[in-house]
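> I have a structure here, written as structure tokens, and I will follow up with some questions on it.
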Amino acid sequence: MFEPAARSTSGLAARCGRALLSPWSRLTLLVVVLAAAGSAVLVLQPQRLLADGRLPELGGAGAVALFALAYGLCAAAFVPRPILNLAAGALFATSAGFVSSLGGTVLGAGIAFGLGRVLGQDALRPLVRGRWLTAADGQLSRHGFRSMMVIRLFPGVPFAAANYCAAVSRMGWAPFLLATGLGSVPNTLAYVVAGGSASSPTSPPFLIAMGFIVLSGAAAATVAWRKRQGLRKR
């Protein structure tokens with residue numbers, strides 16, 4: 001007697017479940033999460049909490065691990081990495097600041113990559129059109145490790161943009177995280193050293209670090225210009 005009503009209810013539940021798990025519903029959730037993260041950064045300004053906090057008073061490995069966790073969350077929420085790296089250098093010694101920054105970099109990249117892969121890839125891949133988007137997708141999908149290494153070594157592409165572009169491509173987790181970790185070493189170390197020696201702006205460590213940052217930025221601009229010219233000639 002109650003079978004039609006039960007079937008109708010189960011059918012409605014199944015349709016609702018499919019709608020909630022559809023690619024566009026997941027993409028909408030990703031947009032909401034990213035908007036909330038960006039708003040939280042603007043309101044709470046977590047980079048100031050990291051720079052003005054008392055993490056070193058926690059002592060040793062605990063402070064380094066906590067900073068790395070906070071760094072990863074902040075990086076995934078669009079806080080610029082140079083600010084976080086400078087804060088790490090100001091708070092810790094060079095070695096501890098570098099370890100916490102690099103760990104936070106990989107963690108933040110992994111969080112963003114996971115969000116983009118799970119919530120956005122299915123909806124966004126069909127929209128990859130145009131010469132530049134197709135070329136970028138093909139490069140990341142076929143030569144993921146090499147491409148991500150170049151992106152991380154020459155900091156011309158914003159951190160968050162690189163993470164989500166890689167998530168939409170067919171790049172695997174392992175190449176993405178490994179290339180992020182290895183490719184971020186030089187730039188991260190330079191900013192940490194600069195942050196740690198900022199109180200002595202004429203000291204050799206500060207000058208060398210700033211020189212590297214300027215040169216890597218110039219190299220990134222040159223590589224981007226050459227790539228752009230190459231795409232225009234096709």
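Letters A, B, ... mark the chains of the structure tokens in the order given; residue numbers begin at 1 per chain; ligand numbers begin at 1, in order shown.
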Would you pick out the contacts of Leu34 of chain A at 9 Å or less, using only C-alpha atoms, so that residues sharing its chain but fewer than 3 positions from it are not included, and give the list as a VMD selection string?

chain A and resid 29 to 31 37 to 39 76 to 78

> Could you save the residues just selected, with C-alpha atoms, as a CSV table (one decimal), in the first residue's frame?


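selection38.csv, freshly written:
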```csv
chain,number,residue,atom,x,y,z
A,29,LEU,CA,31.3,24.6,-3.3
A,30,LEU,CA,34.9,25.3,-4.4
A,31,VAL,CA,34.0,28.9,-5.2
A,37,ALA,CA,39.1,31.8,2.7
A,38,GLY,CA,39.9,35.0,0.9
A,39,SER,CA,37.5,37.0,3.1
A,76,ALA,CA,46.0,27.9,0.5
A,77,ALA,CA,43.9,30.9,1.5
A,78,PHE,CA,45.8,33.2,-0.8
```

> Might you pull out every residue within 9 Å of Gly72 of chain A, with only C-alpha atoms counted and same-chain residues fewer than 3 positions away left off, and present them as number ranges by chain?

A: 67-69, 75-77, 101, 103-111

> A:Val157, A:Val32, A:Ala96, A:Ala167: which is nearest Gly217 of chain A, counting only C-alpha atoms?

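Using only C-alpha atoms, the shortest distance to Gly217 of chain A belongs to A:Val157.
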
> Between A:Thr94, A:Ser169, A:Thr222, A:Ser100, single out the one closest to Val192 of chain A, counting only C-alpha atoms.

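Checking each of A:Thr94, A:Ser169, A:Thr222, A:Ser100 against Val192 of chain A, counting only C-alpha atoms, the winner is A:Thr94.
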
> Nearest to Ile151 of chain A among A:Val168, A:Thr180, A:Pro82, A:Trp173, with distances taken over only C-alpha atoms: which residue is it?

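Closest candidate: A:Thr180.
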
> Which residue gives the smallest distance to Gly156 of chain A among A:Leu207, A:Ala219, A:Val64, A:Val99, with only C-alpha atoms counted?

A:Ala219

> Can you work out the spacing between atom CA of Met210 of chain A and atom CA of Ala194 of chain A in Å, to one decimal?

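Rounded to one decimal, the two atoms are 6.6 Å apart.
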
> What's the 9 Å shell around Ile213 of chain A, counting only C-alpha atoms, without same-chain residues fewer than 3 positions away, as a PyMOL selection string?

chain A and resi 187+190-191+208-210+216-218

> Quick one: residues within 9 Å of Phe206 of chain A, only C-alpha atoms counted, chain neighbours fewer than 4 positions away excluded, as a short mmCIF file (atom, residue, chain, number, x, y, z; two decimals) with all heavy atoms, in the first residue's frame?


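selection_35.cif was written with the following content:
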```
data_model
loop_
_atom_site.label_atom_id
_atom_site.label_comp_id
_atom_site.auth_asym_id
_atom_site.auth_seq_id
_atom_site.Cartn_x
_atom_site.Cartn_y
_atom_site.Cartn_z
N ALA A 190 65.88 32.11 -0.08
CA ALA A 190 66.28 33.50 -0.25
C ALA A 190 65.40 34.42 0.60
O ALA A 190 65.90 35.34 1.27
CB ALA A 190 66.19 33.89 -1.72
N VAL A 193 66.18 33.96 4.38
CA VAL A 193 67.43 34.64 4.73
C VAL A 193 67.23 36.15 4.78
O VAL A 193 67.72 36.84 5.69
CB VAL A 193 68.54 34.27 3.73
CG1 VAL A 193 69.78 35.13 3.94
CG2 VAL A 193 68.90 32.80 3.87
N ALA A 194 66.48 36.68 3.80
CA ALA A 194 66.21 38.11 3.79
C ALA A 194 65.42 38.53 5.03
O ALA A 194 65.71 39.57 5.63
CB ALA A 194 65.45 38.49 2.53
N GLY A 195 64.44 37.72 5.42
CA GLY A 195 63.66 38.04 6.61
C GLY A 195 64.49 37.97 7.87
O GLY A 195 64.34 38.80 8.79
N GLY A 196 65.39 36.99 7.95
CA GLY A 196 66.22 36.84 9.13
C GLY A 196 67.29 37.91 9.27
O GLY A 196 67.73 38.20 10.39
N SER A 197 67.72 38.49 8.14
CA SER A 197 68.78 39.50 8.18
C SER A 197 68.28 40.89 7.84
O SER A 197 69.08 41.79 7.55
CB SER A 197 69.90 39.10 7.22
OG SER A 197 69.39 38.93 5.90
N ALA A 198 66.96 41.09 7.87
CA ALA A 198 66.39 42.39 7.49
C ALA A 198 66.81 43.51 8.43
O ALA A 198 66.83 44.68 8.04
CB ALA A 198 64.87 42.30 7.45
N SER A 200 69.71 44.03 9.38
CA SER A 200 71.03 44.48 8.92
C SER A 200 71.02 44.53 7.40
O SER A 200 71.57 43.64 6.72
CB SER A 200 72.12 43.53 9.40
OG SER A 200 72.10 43.41 10.82
N PRO A 201 70.39 45.55 6.82
CA PRO A 201 70.21 45.59 5.36
C PRO A 201 71.48 45.73 4.55
O PRO A 201 71.45 45.58 3.32
CB PRO A 201 69.30 46.81 5.16
CG PRO A 201 69.51 47.65 6.37
CD PRO A 201 69.79 46.70 7.50
N THR A 202 72.60 46.00 5.22
CA THR A 202 73.87 46.08 4.48
C THR A 202 74.72 44.84 4.67
O THR A 202 75.85 44.78 4.16
CB THR A 202 74.67 47.31 4.96
OG1 THR A 202 74.91 47.22 6.37
CG2 THR A 202 73.92 48.59 4.66
N MET A 210 68.60 39.32 -1.47
CA MET A 210 67.83 40.25 -2.28
C MET A 210 68.29 40.22 -3.74
O MET A 210 67.48 40.34 -4.66
CB MET A 210 67.97 41.66 -1.71
CG MET A 210 67.28 41.85 -0.37
SD MET A 210 65.52 41.41 -0.41
CE MET A 210 64.89 42.57 -1.62
N GLY A 211 69.60 40.05 -3.95
CA GLY A 211 70.09 39.93 -5.31
C GLY A 211 69.52 38.72 -6.02
O GLY A 211 69.13 38.80 -7.20
#
```

> Looking only at helix (DSSP H, G or I) from DSSP on the backbone, list the matching residues of segment 135-234 of chain A as an MDAnalysis selection string.

chainID A and resid 135:142 144:153 159:168 173:183 185:196 204:233

> Between atom CA of Gly116 of chain A and atom CA of Ala88 of chain A, what is the distance, to one decimal in Å?

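Answer for the atom CA of Gly116 of chain A to atom CA of Ala88 of chain A separation: 27.1 Å.
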